[in-house]
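Q: File input27.cif follows (mmCIF, N, CA and C atoms):
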```
data_entry
loop_
_atom_site.label_atom_id
_atom_site.label_comp_id
_atom_site.auth_asym_id
_atom_site.auth_seq_id
_atom_site.Cartn_x
_atom_site.Cartn_y
_atom_site.Cartn_z
N MET A 36 12.77 7.92 14.99
CA MET A 36 11.73 7.77 13.98
C MET A 36 11.40 6.28 13.85
N ALA A 37 10.13 6.00 13.67
CA ALA A 37 9.67 4.63 13.47
C ALA A 37 9.07 4.51 12.06
N TYR A 38 8.90 3.27 11.65
CA TYR A 38 8.33 2.98 10.34
C TYR A 38 7.06 2.16 10.52
N TRP A 39 6.12 2.38 9.59
CA TRP A 39 4.81 1.74 9.66
C TRP A 39 4.35 1.39 8.26
N LEU A 40 3.31 0.58 8.19
CA LEU A 40 2.63 0.29 6.93
C LEU A 40 1.15 0.53 7.15
N ILE A 41 0.53 1.27 6.23
CA ILE A 41 -0.91 1.48 6.27
C ILE A 41 -1.52 0.91 4.99
N LYS A 42 -2.72 0.38 5.11
CA LYS A 42 -3.37 -0.26 3.97
C LYS A 42 -4.62 0.50 3.57
N SER A 43 -4.86 0.51 2.27
CA SER A 43 -6.08 1.07 1.74
C SER A 43 -6.46 0.31 0.47
N GLU A 44 -7.73 0.02 0.33
CA GLU A 44 -8.20 -0.57 -0.91
C GLU A 44 -8.24 0.54 -1.95
N PRO A 45 -7.60 0.34 -3.10
CA PRO A 45 -7.49 1.43 -4.07
C PRO A 45 -8.84 1.96 -4.57
N PHE A 46 -9.86 1.14 -4.59
CA PHE A 46 -11.16 1.64 -5.05
C PHE A 46 -11.81 2.54 -3.99
N LYS A 47 -11.34 2.43 -2.72
CA LYS A 47 -11.85 3.31 -1.66
C LYS A 47 -10.98 4.55 -1.51
N TYR A 48 -9.66 4.36 -1.49
CA TYR A 48 -8.74 5.49 -1.37
C TYR A 48 -7.39 5.06 -1.93
N SER A 49 -7.10 5.52 -3.12
CA SER A 49 -5.88 5.11 -3.83
C SER A 49 -4.73 6.06 -3.56
N TRP A 50 -3.53 5.60 -3.90
CA TRP A 50 -2.34 6.46 -3.82
C TRP A 50 -2.54 7.70 -4.69
N GLU A 51 -3.14 7.52 -5.86
CA GLU A 51 -3.36 8.64 -6.76
C GLU A 51 -4.24 9.71 -6.10
N GLN A 52 -5.30 9.29 -5.42
CA GLN A 52 -6.16 10.24 -4.73
C GLN A 52 -5.41 10.90 -3.57
N PHE A 53 -4.61 10.11 -2.87
CA PHE A 53 -3.80 10.61 -1.77
C PHE A 53 -2.87 11.72 -2.25
N GLU A 54 -2.21 11.51 -3.39
CA GLU A 54 -1.33 12.53 -3.95
C GLU A 54 -2.12 13.80 -4.30
N LYS A 55 -3.31 13.64 -4.84
CA LYS A 55 -4.14 14.81 -5.18
C LYS A 55 -4.55 15.57 -3.93
N ASP A 56 -4.91 14.84 -2.87
CA ASP A 56 -5.37 15.48 -1.63
C ASP A 56 -4.23 16.17 -0.89
N GLY A 57 -3.04 15.63 -0.99
CA GLY A 57 -1.88 16.24 -0.32
C GLY A 57 -1.75 15.85 1.14
N VAL A 58 -2.79 15.99 1.91
CA VAL A 58 -2.83 15.56 3.31
C VAL A 58 -4.21 14.97 3.54
N THR A 59 -4.27 13.91 4.32
CA THR A 59 -5.56 13.32 4.66
C THR A 59 -5.53 12.79 6.08
N PHE A 60 -6.69 12.57 6.65
CA PHE A 60 -6.72 11.91 7.95
C PHE A 60 -6.99 10.44 7.73
N TRP A 61 -6.28 9.62 8.49
CA TRP A 61 -6.39 8.17 8.40
C TRP A 61 -7.35 7.73 9.48
N ASP A 62 -8.54 7.36 9.07
CA ASP A 62 -9.62 7.07 9.99
C ASP A 62 -10.23 5.70 9.70
N GLY A 63 -11.26 5.38 10.44
CA GLY A 63 -12.01 4.16 10.18
C GLY A 63 -11.38 2.88 10.70
N VAL A 64 -10.28 2.97 11.42
CA VAL A 64 -9.63 1.78 11.96
C VAL A 64 -10.48 1.26 13.11
N ARG A 65 -10.91 0.00 13.00
CA ARG A 65 -11.77 -0.59 14.03
C ARG A 65 -11.21 -1.92 14.54
N ASN A 66 -9.91 -1.99 14.61
CA ASN A 66 -9.20 -3.15 15.16
C ASN A 66 -8.30 -2.60 16.26
N TYR A 67 -8.34 -3.22 17.44
CA TYR A 67 -7.58 -2.68 18.57
C TYR A 67 -6.08 -2.69 18.34
N GLY A 68 -5.56 -3.73 17.69
CA GLY A 68 -4.12 -3.77 17.40
C GLY A 68 -3.72 -2.64 16.47
N ALA A 69 -4.49 -2.43 15.41
CA ALA A 69 -4.21 -1.35 14.47
C ALA A 69 -4.37 0.01 15.16
N ARG A 70 -5.39 0.14 16.00
CA ARG A 70 -5.61 1.38 16.74
C ARG A 70 -4.43 1.69 17.65
N ASN A 71 -3.92 0.65 18.32
CA ASN A 71 -2.76 0.85 19.20
C ASN A 71 -1.54 1.30 18.39
N ASN A 72 -1.41 0.79 17.18
CA ASN A 72 -0.31 1.23 16.31
C ASN A 72 -0.48 2.70 15.94
N LEU A 73 -1.71 3.12 15.63
CA LEU A 73 -1.95 4.54 15.35
C LEU A 73 -1.56 5.40 16.55
N ARG A 74 -1.89 4.93 17.73
CA ARG A 74 -1.57 5.68 18.95
C ARG A 74 -0.07 5.77 19.19
N SER A 75 0.68 4.80 18.69
CA SER A 75 2.13 4.77 18.88
C SER A 75 2.89 5.62 17.88
N MET A 76 2.25 6.02 16.81
CA MET A 76 2.91 6.81 15.77
C MET A 76 3.27 8.20 16.29
N LYS A 77 4.42 8.68 15.85
CA LYS A 77 4.90 10.02 16.22
C LYS A 77 5.07 10.87 14.96
N LYS A 78 4.86 12.15 15.13
CA LYS A 78 5.03 13.08 14.02
C LYS A 78 6.41 12.88 13.39
N GLY A 79 6.44 12.76 12.07
CA GLY A 79 7.69 12.54 11.35
C GLY A 79 7.94 11.09 11.00
N ASP A 80 7.21 10.14 11.64
CA ASP A 80 7.36 8.73 11.28
C ASP A 80 7.01 8.54 9.81
N LEU A 81 7.66 7.57 9.18
CA LEU A 81 7.40 7.28 7.77
C LEU A 81 6.55 6.01 7.64
N LEU A 82 5.73 6.00 6.59
CA LEU A 82 4.78 4.91 6.40
C LEU A 82 4.85 4.39 4.97
N LEU A 83 4.73 3.08 4.84
CA LEU A 83 4.56 2.47 3.54
C LEU A 83 3.07 2.48 3.24
N PHE A 84 2.70 2.86 2.03
CA PHE A 84 1.29 2.89 1.61
C PHE A 84 1.04 1.66 0.76
N TYR A 85 0.16 0.79 1.24
CA TYR A 85 -0.10 -0.50 0.62
C TYR A 85 -1.50 -0.55 0.03
N HIS A 86 -1.61 -0.91 -1.24
CA HIS A 86 -2.91 -1.15 -1.86
C HIS A 86 -3.33 -2.58 -1.54
N SER A 87 -4.40 -2.72 -0.75
CA SER A 87 -4.86 -4.06 -0.37
C SER A 87 -5.98 -4.54 -1.29
N ASN A 88 -6.20 -5.83 -1.25
CA ASN A 88 -7.25 -6.53 -2.02
C ASN A 88 -7.05 -6.44 -3.52
N GLU A 89 -6.85 -5.26 -4.04
CA GLU A 89 -6.68 -5.04 -5.47
C GLU A 89 -5.27 -4.48 -5.65
N GLY A 90 -4.44 -5.15 -6.39
CA GLY A 90 -3.07 -4.72 -6.55
C GLY A 90 -2.15 -5.41 -5.56
N MET A 91 -2.49 -5.36 -4.29
CA MET A 91 -1.72 -6.01 -3.23
C MET A 91 -0.24 -5.70 -3.36
N GLU A 92 0.07 -4.39 -3.26
CA GLU A 92 1.45 -3.96 -3.40
C GLU A 92 1.68 -2.65 -2.66
N ILE A 93 2.93 -2.47 -2.23
CA ILE A 93 3.34 -1.21 -1.62
C ILE A 93 3.64 -0.27 -2.77
N VAL A 94 2.98 0.90 -2.76
CA VAL A 94 3.11 1.81 -3.90
C VAL A 94 3.79 3.13 -3.57
N GLY A 95 3.87 3.48 -2.28
CA GLY A 95 4.46 4.77 -1.96
C GLY A 95 4.86 4.92 -0.51
N ILE A 96 5.44 6.08 -0.22
CA ILE A 96 5.89 6.42 1.13
C ILE A 96 5.12 7.65 1.59
N ALA A 97 4.64 7.60 2.82
CA ALA A 97 3.90 8.72 3.42
C ALA A 97 4.60 9.13 4.71
N LYS A 98 4.16 10.24 5.25
CA LYS A 98 4.74 10.75 6.49
C LYS A 98 3.61 11.15 7.43
N LEU A 99 3.81 10.87 8.72
CA LEU A 99 2.83 11.27 9.72
C LEU A 99 3.02 12.74 10.03
N VAL A 100 1.95 13.53 9.87
CA VAL A 100 2.05 14.96 10.12
C VAL A 100 1.27 15.41 11.35
N LYS A 101 0.38 14.57 11.86
CA LYS A 101 -0.33 14.89 13.09
C LYS A 101 -0.61 13.60 13.84
N GLU A 102 -0.22 13.59 15.12
CA GLU A 102 -0.41 12.40 15.95
C GLU A 102 -1.88 12.18 16.28
N HIS A 103 -2.16 11.04 16.86
CA HIS A 103 -3.54 10.59 17.04
C HIS A 103 -4.44 11.58 17.78
N TYR A 104 -5.69 11.55 17.35
CA TYR A 104 -6.76 12.36 17.93
C TYR A 104 -8.06 11.58 17.73
N PRO A 105 -9.14 11.94 18.39
CA PRO A 105 -10.38 11.17 18.26
C PRO A 105 -10.83 11.06 16.80
N ASP A 106 -11.19 9.86 16.39
CA ASP A 106 -11.64 9.61 15.02
C ASP A 106 -12.95 10.38 14.78
N PRO A 107 -12.94 11.31 13.81
CA PRO A 107 -14.14 12.12 13.57
C PRO A 107 -15.30 11.36 12.92
N THR A 108 -15.07 10.10 12.51
CA THR A 108 -16.12 9.33 11.85
C THR A 108 -16.95 8.50 12.82
N THR A 109 -16.65 8.60 14.12
CA THR A 109 -17.42 7.85 15.11
C THR A 109 -17.51 8.66 16.40
N GLU A 110 -18.52 8.35 17.17
CA GLU A 110 -18.65 8.99 18.48
C GLU A 110 -18.07 8.12 19.60
N GLU A 111 -17.56 6.95 19.24
CA GLU A 111 -16.95 6.06 20.23
C GLU A 111 -15.55 6.56 20.58
N ASP A 112 -15.28 6.67 21.87
CA ASP A 112 -13.99 7.20 22.34
C ASP A 112 -12.81 6.28 22.06
N ALA A 113 -13.06 5.02 21.76
CA ALA A 113 -11.98 4.04 21.62
C ALA A 113 -11.14 4.26 20.37
N TRP A 114 -11.67 4.95 19.37
CA TRP A 114 -11.01 4.98 18.06
C TRP A 114 -10.33 6.32 17.78
N VAL A 115 -9.22 6.25 17.07
CA VAL A 115 -8.42 7.43 16.77
C VAL A 115 -8.12 7.53 15.28
N ALA A 116 -7.69 8.70 14.87
CA ALA A 116 -7.23 8.96 13.51
C ALA A 116 -5.89 9.68 13.61
N VAL A 117 -5.16 9.71 12.51
CA VAL A 117 -3.92 10.47 12.39
C VAL A 117 -3.95 11.18 11.04
N ASP A 118 -3.11 12.19 10.88
CA ASP A 118 -3.00 12.87 9.59
C ASP A 118 -1.70 12.45 8.92
N VAL A 119 -1.80 12.18 7.62
CA VAL A 119 -0.65 11.73 6.85
C VAL A 119 -0.58 12.50 5.53
N LYS A 120 0.63 12.56 4.99
CA LYS A 120 0.81 13.20 3.68
C LYS A 120 1.72 12.33 2.83
N PRO A 121 1.53 12.34 1.52
CA PRO A 121 2.40 11.56 0.64
C PRO A 121 3.79 12.18 0.57
N VAL A 122 4.80 11.33 0.50
CA VAL A 122 6.18 11.78 0.33
C VAL A 122 6.62 11.50 -1.10
N LYS A 123 6.54 10.23 -1.50
CA LYS A 123 6.87 9.89 -2.89
C LYS A 123 6.36 8.51 -3.24
N ARG A 124 6.12 8.34 -4.51
CA ARG A 124 5.72 7.06 -5.07
C ARG A 124 6.98 6.21 -5.25
N LEU A 125 6.88 4.92 -4.99
CA LEU A 125 8.01 4.04 -5.26
C LEU A 125 8.22 3.95 -6.76
N LYS A 126 9.47 3.89 -7.19
CA LYS A 126 9.76 3.75 -8.62
C LYS A 126 9.22 2.43 -9.14
N GLN A 127 9.23 1.44 -8.26
CA GLN A 127 8.72 0.12 -8.61
C GLN A 127 7.86 -0.37 -7.46
N PRO A 128 6.53 -0.56 -7.68
CA PRO A 128 5.71 -1.10 -6.60
C PRO A 128 6.25 -2.45 -6.14
N VAL A 129 6.07 -2.73 -4.85
CA VAL A 129 6.57 -3.98 -4.27
C VAL A 129 5.35 -4.84 -3.93
N SER A 130 5.19 -5.92 -4.67
CA SER A 130 4.02 -6.78 -4.50
C SER A 130 4.14 -7.66 -3.26
N LEU A 131 3.00 -8.09 -2.77
CA LEU A 131 2.97 -9.03 -1.65
C LEU A 131 3.71 -10.30 -2.03
N ALA A 132 3.56 -10.76 -3.26
CA ALA A 132 4.26 -11.97 -3.71
C ALA A 132 5.78 -11.78 -3.62
N THR A 133 6.27 -10.61 -4.00
CA THR A 133 7.71 -10.33 -3.91
C THR A 133 8.17 -10.34 -2.45
N ILE A 134 7.37 -9.75 -1.58
CA ILE A 134 7.72 -9.72 -0.16
C ILE A 134 7.74 -11.13 0.41
N LYS A 135 6.73 -11.92 0.09
CA LYS A 135 6.67 -13.30 0.60
C LYS A 135 7.80 -14.16 0.05
N ALA A 136 8.29 -13.84 -1.13
CA ALA A 136 9.36 -14.62 -1.75
C ALA A 136 10.74 -14.28 -1.20
N ASP A 137 10.86 -13.17 -0.49
CA ASP A 137 12.15 -12.74 0.04
C ASP A 137 12.31 -13.29 1.46
N PRO A 138 13.23 -14.22 1.68
CA PRO A 138 13.38 -14.83 3.00
C PRO A 138 13.72 -13.83 4.10
N ARG A 139 14.31 -12.70 3.75
CA ARG A 139 14.64 -11.69 4.74
C ARG A 139 13.39 -11.02 5.32
N LEU A 140 12.25 -11.17 4.64
CA LEU A 140 11.02 -10.51 5.06
C LEU A 140 9.99 -11.48 5.60
N LYS A 141 10.42 -12.70 5.92
CA LYS A 141 9.46 -13.72 6.36
C LYS A 141 8.78 -13.37 7.69
N GLU A 142 9.40 -12.50 8.50
CA GLU A 142 8.80 -12.11 9.78
C GLU A 142 8.06 -10.77 9.70
N MET A 143 8.02 -10.17 8.52
CA MET A 143 7.35 -8.88 8.36
C MET A 143 5.87 -9.04 8.73
N ALA A 144 5.32 -8.05 9.43
CA ALA A 144 3.92 -8.11 9.85
C ALA A 144 2.98 -8.31 8.66
N LEU A 145 3.32 -7.76 7.51
CA LEU A 145 2.48 -7.92 6.32
C LEU A 145 2.34 -9.40 5.95
N VAL A 146 3.34 -10.18 6.23
CA VAL A 146 3.31 -11.62 5.95
C VAL A 146 2.63 -12.36 7.09
N ARG A 147 2.99 -12.04 8.31
CA ARG A 147 2.47 -12.76 9.48
C ARG A 147 1.07 -12.32 9.91
N LEU A 148 0.78 -11.03 9.80
CA LEU A 148 -0.49 -10.46 10.27
C LEU A 148 -1.18 -9.76 9.11
N GLY A 149 -1.39 -10.49 8.05
CA GLY A 149 -1.85 -9.91 6.80
C GLY A 149 -3.09 -9.04 6.86
N ARG A 150 -3.99 -9.30 7.79
CA ARG A 150 -5.24 -8.55 7.83
C ARG A 150 -5.16 -7.26 8.64
N LEU A 151 -4.09 -7.05 9.38
CA LEU A 151 -3.95 -5.86 10.21
C LEU A 151 -3.72 -4.63 9.32
N SER A 152 -4.56 -3.61 9.46
CA SER A 152 -4.53 -2.47 8.54
C SER A 152 -3.46 -1.42 8.83
N VAL A 153 -2.91 -1.43 10.03
CA VAL A 153 -1.82 -0.53 10.41
C VAL A 153 -0.79 -1.38 11.13
N GLN A 154 0.42 -1.44 10.58
CA GLN A 154 1.42 -2.38 11.08
C GLN A 154 2.77 -1.71 11.28
N PRO A 155 3.54 -2.20 12.25
CA PRO A 155 4.92 -1.73 12.38
C PRO A 155 5.80 -2.34 11.30
N VAL A 156 6.85 -1.63 10.94
CA VAL A 156 7.85 -2.10 9.99
C VAL A 156 9.20 -1.87 10.65
N THR A 157 10.07 -2.89 10.66
CA THR A 157 11.38 -2.72 11.27
C THR A 157 12.30 -1.90 10.37
N ASP A 158 13.39 -1.40 10.94
CA ASP A 158 14.37 -0.65 10.16
C ASP A 158 14.89 -1.48 8.99
N GLU A 159 15.20 -2.74 9.26
CA GLU A 159 15.74 -3.62 8.21
C GLU A 159 14.71 -3.88 7.12
N GLU A 160 13.47 -4.13 7.51
CA GLU A 160 12.40 -4.35 6.52
C GLU A 160 12.23 -3.11 5.64
N TRP A 161 12.27 -1.94 6.28
CA TRP A 161 12.15 -0.68 5.54
C TRP A 161 13.24 -0.57 4.49
N LYS A 162 14.49 -0.81 4.90
CA LYS A 162 15.62 -0.70 3.97
C LYS A 162 15.46 -1.64 2.79
N ILE A 163 15.06 -2.87 3.05
CA ILE A 163 14.90 -3.86 1.98
C ILE A 163 13.78 -3.43 1.02
N VAL A 164 12.64 -3.08 1.57
CA VAL A 164 11.49 -2.73 0.73
C VAL A 164 11.74 -1.44 -0.05
N VAL A 165 12.21 -0.41 0.62
CA VAL A 165 12.34 0.91 -0.01
C VAL A 165 13.59 1.00 -0.89
N ASN A 166 14.72 0.61 -0.37
CA ASN A 166 15.98 0.82 -1.11
C ASN A 166 16.27 -0.25 -2.14
N GLU A 167 15.87 -1.48 -1.87
CA GLU A 167 16.18 -2.55 -2.81
C GLU A 167 15.00 -2.88 -3.72
N LEU A 168 13.91 -3.30 -3.12
CA LEU A 168 12.77 -3.78 -3.91
C LEU A 168 12.01 -2.63 -4.59
N GLY A 169 11.86 -1.51 -3.89
CA GLY A 169 11.13 -0.36 -4.45
C GLY A 169 12.01 0.58 -5.25
N LYS A 170 13.30 0.36 -5.18
CA LYS A 170 14.29 1.11 -5.96
C LYS A 170 14.17 2.64 -5.83
N THR A 171 14.07 3.11 -4.58
CA THR A 171 13.98 4.57 -4.40
C THR A 171 15.32 5.17 -4.04
N LYS A 172 16.33 4.36 -3.83
CA LYS A 172 17.65 4.85 -3.40
C LYS A 172 18.27 5.74 -4.47
#
```
Before we go any further, please render this structure as structure tokens.
A:
Amino acid sequence: MAYWLIKSEPFKYSWEQFEKDGVTFWDGVRNYGARNNLRSMKKGDLLLFYHSNEGMEIVGIAKLVKEHYPDPTTEEDAWVAVDVKPVKRLKQPVSLATIKADPRLKEMALVRLGRLSVQPVTDEEWKIVVNELGKTK
């Protein structure tokens, strides 16, 4: 199993809406690096759900339920979508400022590649964010 981080602006698609929907397709990615990350995801992988621009915090955990397929929002063959479902909300959202302040997370893609909308997360980063900072343990 691998770990990932996906970003959404809460005014476009919030964690609250995600929970109401139950399952959604993750589409609209138009960056090749992010697209390649979508292609690398496997069913069962876990994802951190990050509110970007507004809030700027990790708010929940999602799970990949369907691997990549052609993005239904475009006719261009280059782009893909995946299906995800919410698993649980973090007891305590983890802000970007908190992540940047933790020296153990200085190499996290969220810090180094801030604009990338779909990012890998290492096992160690996952443990720190979810079990310590997000207090889901």
Q: Need to verify the contact set: Pro155 of chain A, 8 Å, all atoms listed in the file, exclusion of same-chain residues closer than 3 positions in sequence. Can you return it as a PyMOL selection string?
A: chain A and resi 37-41+72+143-145+152+158
Q: From the set A:Val153, A:Val58, A:Val115, A:Met36, which residue has the shortest atom-to-atom contact distance to Lys77 of chain A, counting only N, CA and C atoms?
A: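 Of all the options, A:Met36 lies closest to Lys77 of chain A.
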Q: At a cut-off of 10 Å around the point (11.4, -7.8, -4.7) (file coordinates), what residues fall inside when counting only C-alpha atoms? I'd like the answer as a list in words.
A: Gln127, Pro128, Val129, Ser130, Leu131, Ala132, Thr133, Ile134, Lys135, Ala136, Asp137, Ile163, Val164, Val165, Glu167, Leu168, Gly169 and Lys170 of chain A
Q: I'd like to know which of A:Asp62, A:Glu160, A:Glu102, A:Asp112 is closest to Lys78 of chain A, using all atoms listed in the file.
A: A:Glu102
Q: Write out as a compact mmCIF listing (two decimals) with N, CA and C atoms, in the frame of the given file all residues of chain A that DSSP puts in helix (DSSP H, G or I) for this structure's backbone.
A:
```txt
# COMPACT_ATOMS: atom_id res chain seq x y z
N TRP A 50 -3.53 5.60 -3.90
CA TRP A 50 -2.34 6.46 -3.82
C TRP A 50 -2.54 7.70 -4.69
N GLU A 51 -3.14 7.52 -5.86
CA GLU A 51 -3.36 8.64 -6.76
C GLU A 51 -4.24 9.71 -6.10
N GLN A 52 -5.30 9.29 -5.42
CA GLN A 52 -6.16 10.24 -4.73
C GLN A 52 -5.41 10.90 -3.57
N PHE A 53 -4.61 10.11 -2.87
CA PHE A 53 -3.80 10.61 -1.77
C PHE A 53 -2.87 11.72 -2.25
N GLU A 54 -2.21 11.51 -3.39
CA GLU A 54 -1.33 12.53 -3.95
C GLU A 54 -2.12 13.80 -4.30
N LYS A 55 -3.31 13.64 -4.84
CA LYS A 55 -4.14 14.81 -5.18
C LYS A 55 -4.55 15.57 -3.93
N ASP A 56 -4.91 14.84 -2.87
CA ASP A 56 -5.37 15.48 -1.63
C ASP A 56 -4.23 16.17 -0.89
N TYR A 67 -8.34 -3.22 17.44
CA TYR A 67 -7.58 -2.68 18.57
C TYR A 67 -6.08 -2.69 18.34
N GLY A 68 -5.56 -3.73 17.69
CA GLY A 68 -4.12 -3.77 17.40
C GLY A 68 -3.72 -2.64 16.47
N ALA A 69 -4.49 -2.43 15.41
CA ALA A 69 -4.21 -1.35 14.47
C ALA A 69 -4.37 0.01 15.16
N ARG A 70 -5.39 0.14 16.00
CA ARG A 70 -5.61 1.38 16.74
C ARG A 70 -4.43 1.69 17.65
N ASN A 71 -3.92 0.65 18.32
CA ASN A 71 -2.76 0.85 19.20
C ASN A 71 -1.54 1.30 18.39
N ASN A 72 -1.41 0.79 17.18
CA ASN A 72 -0.31 1.23 16.31
C ASN A 72 -0.48 2.70 15.94
N LEU A 73 -1.71 3.12 15.63
CA LEU A 73 -1.95 4.54 15.35
C LEU A 73 -1.56 5.40 16.55
N ARG A 74 -1.89 4.93 17.73
CA ARG A 74 -1.57 5.68 18.95
C ARG A 74 -0.07 5.77 19.19
N SER A 75 0.68 4.80 18.69
CA SER A 75 2.13 4.77 18.88
C SER A 75 2.89 5.62 17.88
N LEU A 131 3.00 -8.09 -2.77
CA LEU A 131 2.97 -9.03 -1.65
C LEU A 131 3.71 -10.30 -2.03
N ALA A 132 3.56 -10.76 -3.26
CA ALA A 132 4.26 -11.97 -3.71
C ALA A 132 5.78 -11.78 -3.62
N THR A 133 6.27 -10.61 -4.00
CA THR A 133 7.71 -10.33 -3.91
C THR A 133 8.17 -10.34 -2.45
N ILE A 134 7.37 -9.75 -1.58
CA ILE A 134 7.72 -9.72 -0.16
C ILE A 134 7.74 -11.13 0.41
N LYS A 135 6.73 -11.92 0.09
CA LYS A 135 6.67 -13.30 0.60
C LYS A 135 7.80 -14.16 0.05
N ALA A 136 8.29 -13.84 -1.13
CA ALA A 136 9.36 -14.62 -1.75
C ALA A 136 10.74 -14.28 -1.20
N PRO A 138 13.23 -14.22 1.68
CA PRO A 138 13.38 -14.83 3.00
C PRO A 138 13.72 -13.83 4.10
N ARG A 139 14.31 -12.70 3.75
CA ARG A 139 14.64 -11.69 4.74
C ARG A 139 13.39 -11.02 5.32
N LEU A 140 12.25 -11.17 4.64
CA LEU A 140 11.02 -10.51 5.06
C LEU A 140 9.99 -11.48 5.60
N ALA A 144 5.32 -8.05 9.43
CA ALA A 144 3.92 -8.11 9.85
C ALA A 144 2.98 -8.31 8.66
N LEU A 145 3.32 -7.76 7.51
CA LEU A 145 2.48 -7.92 6.32
C LEU A 145 2.34 -9.40 5.95
N VAL A 146 3.34 -10.18 6.23
CA VAL A 146 3.31 -11.62 5.95
C VAL A 146 2.63 -12.36 7.09
N ARG A 147 2.99 -12.04 8.31
CA ARG A 147 2.47 -12.76 9.48
C ARG A 147 1.07 -12.32 9.91
N ASP A 158 13.39 -1.40 10.94
CA ASP A 158 14.37 -0.65 10.16
C ASP A 158 14.89 -1.48 8.99
N GLU A 159 15.20 -2.74 9.26
CA GLU A 159 15.74 -3.62 8.21
C GLU A 159 14.71 -3.88 7.12
N GLU A 160 13.47 -4.13 7.51
CA GLU A 160 12.40 -4.35 6.52
C GLU A 160 12.23 -3.11 5.64
N TRP A 161 12.27 -1.94 6.28
CA TRP A 161 12.15 -0.68 5.54
C TRP A 161 13.24 -0.57 4.49
N LYS A 162 14.49 -0.81 4.90
CA LYS A 162 15.62 -0.70 3.97
C LYS A 162 15.46 -1.64 2.79
N ILE A 163 15.06 -2.87 3.05
CA ILE A 163 14.90 -3.86 1.98
C ILE A 163 13.78 -3.43 1.02
N VAL A 164 12.64 -3.08 1.57
CA VAL A 164 11.49 -2.73 0.73
C VAL A 164 11.74 -1.44 -0.05
N VAL A 165 12.21 -0.41 0.62
CA VAL A 165 12.34 0.91 -0.01
C VAL A 165 13.59 1.00 -0.89
N ASN A 166 14.72 0.61 -0.37
CA ASN A 166 15.98 0.82 -1.11
C ASN A 166 16.27 -0.25 -2.14
N GLU A 167 15.87 -1.48 -1.87
CA GLU A 167 16.18 -2.55 -2.81
C GLU A 167 15.00 -2.88 -3.72
N LEU A 168 13.91 -3.30 -3.12
CA LEU A 168 12.77 -3.78 -3.91
C LEU A 168 12.01 -2.63 -4.59
```
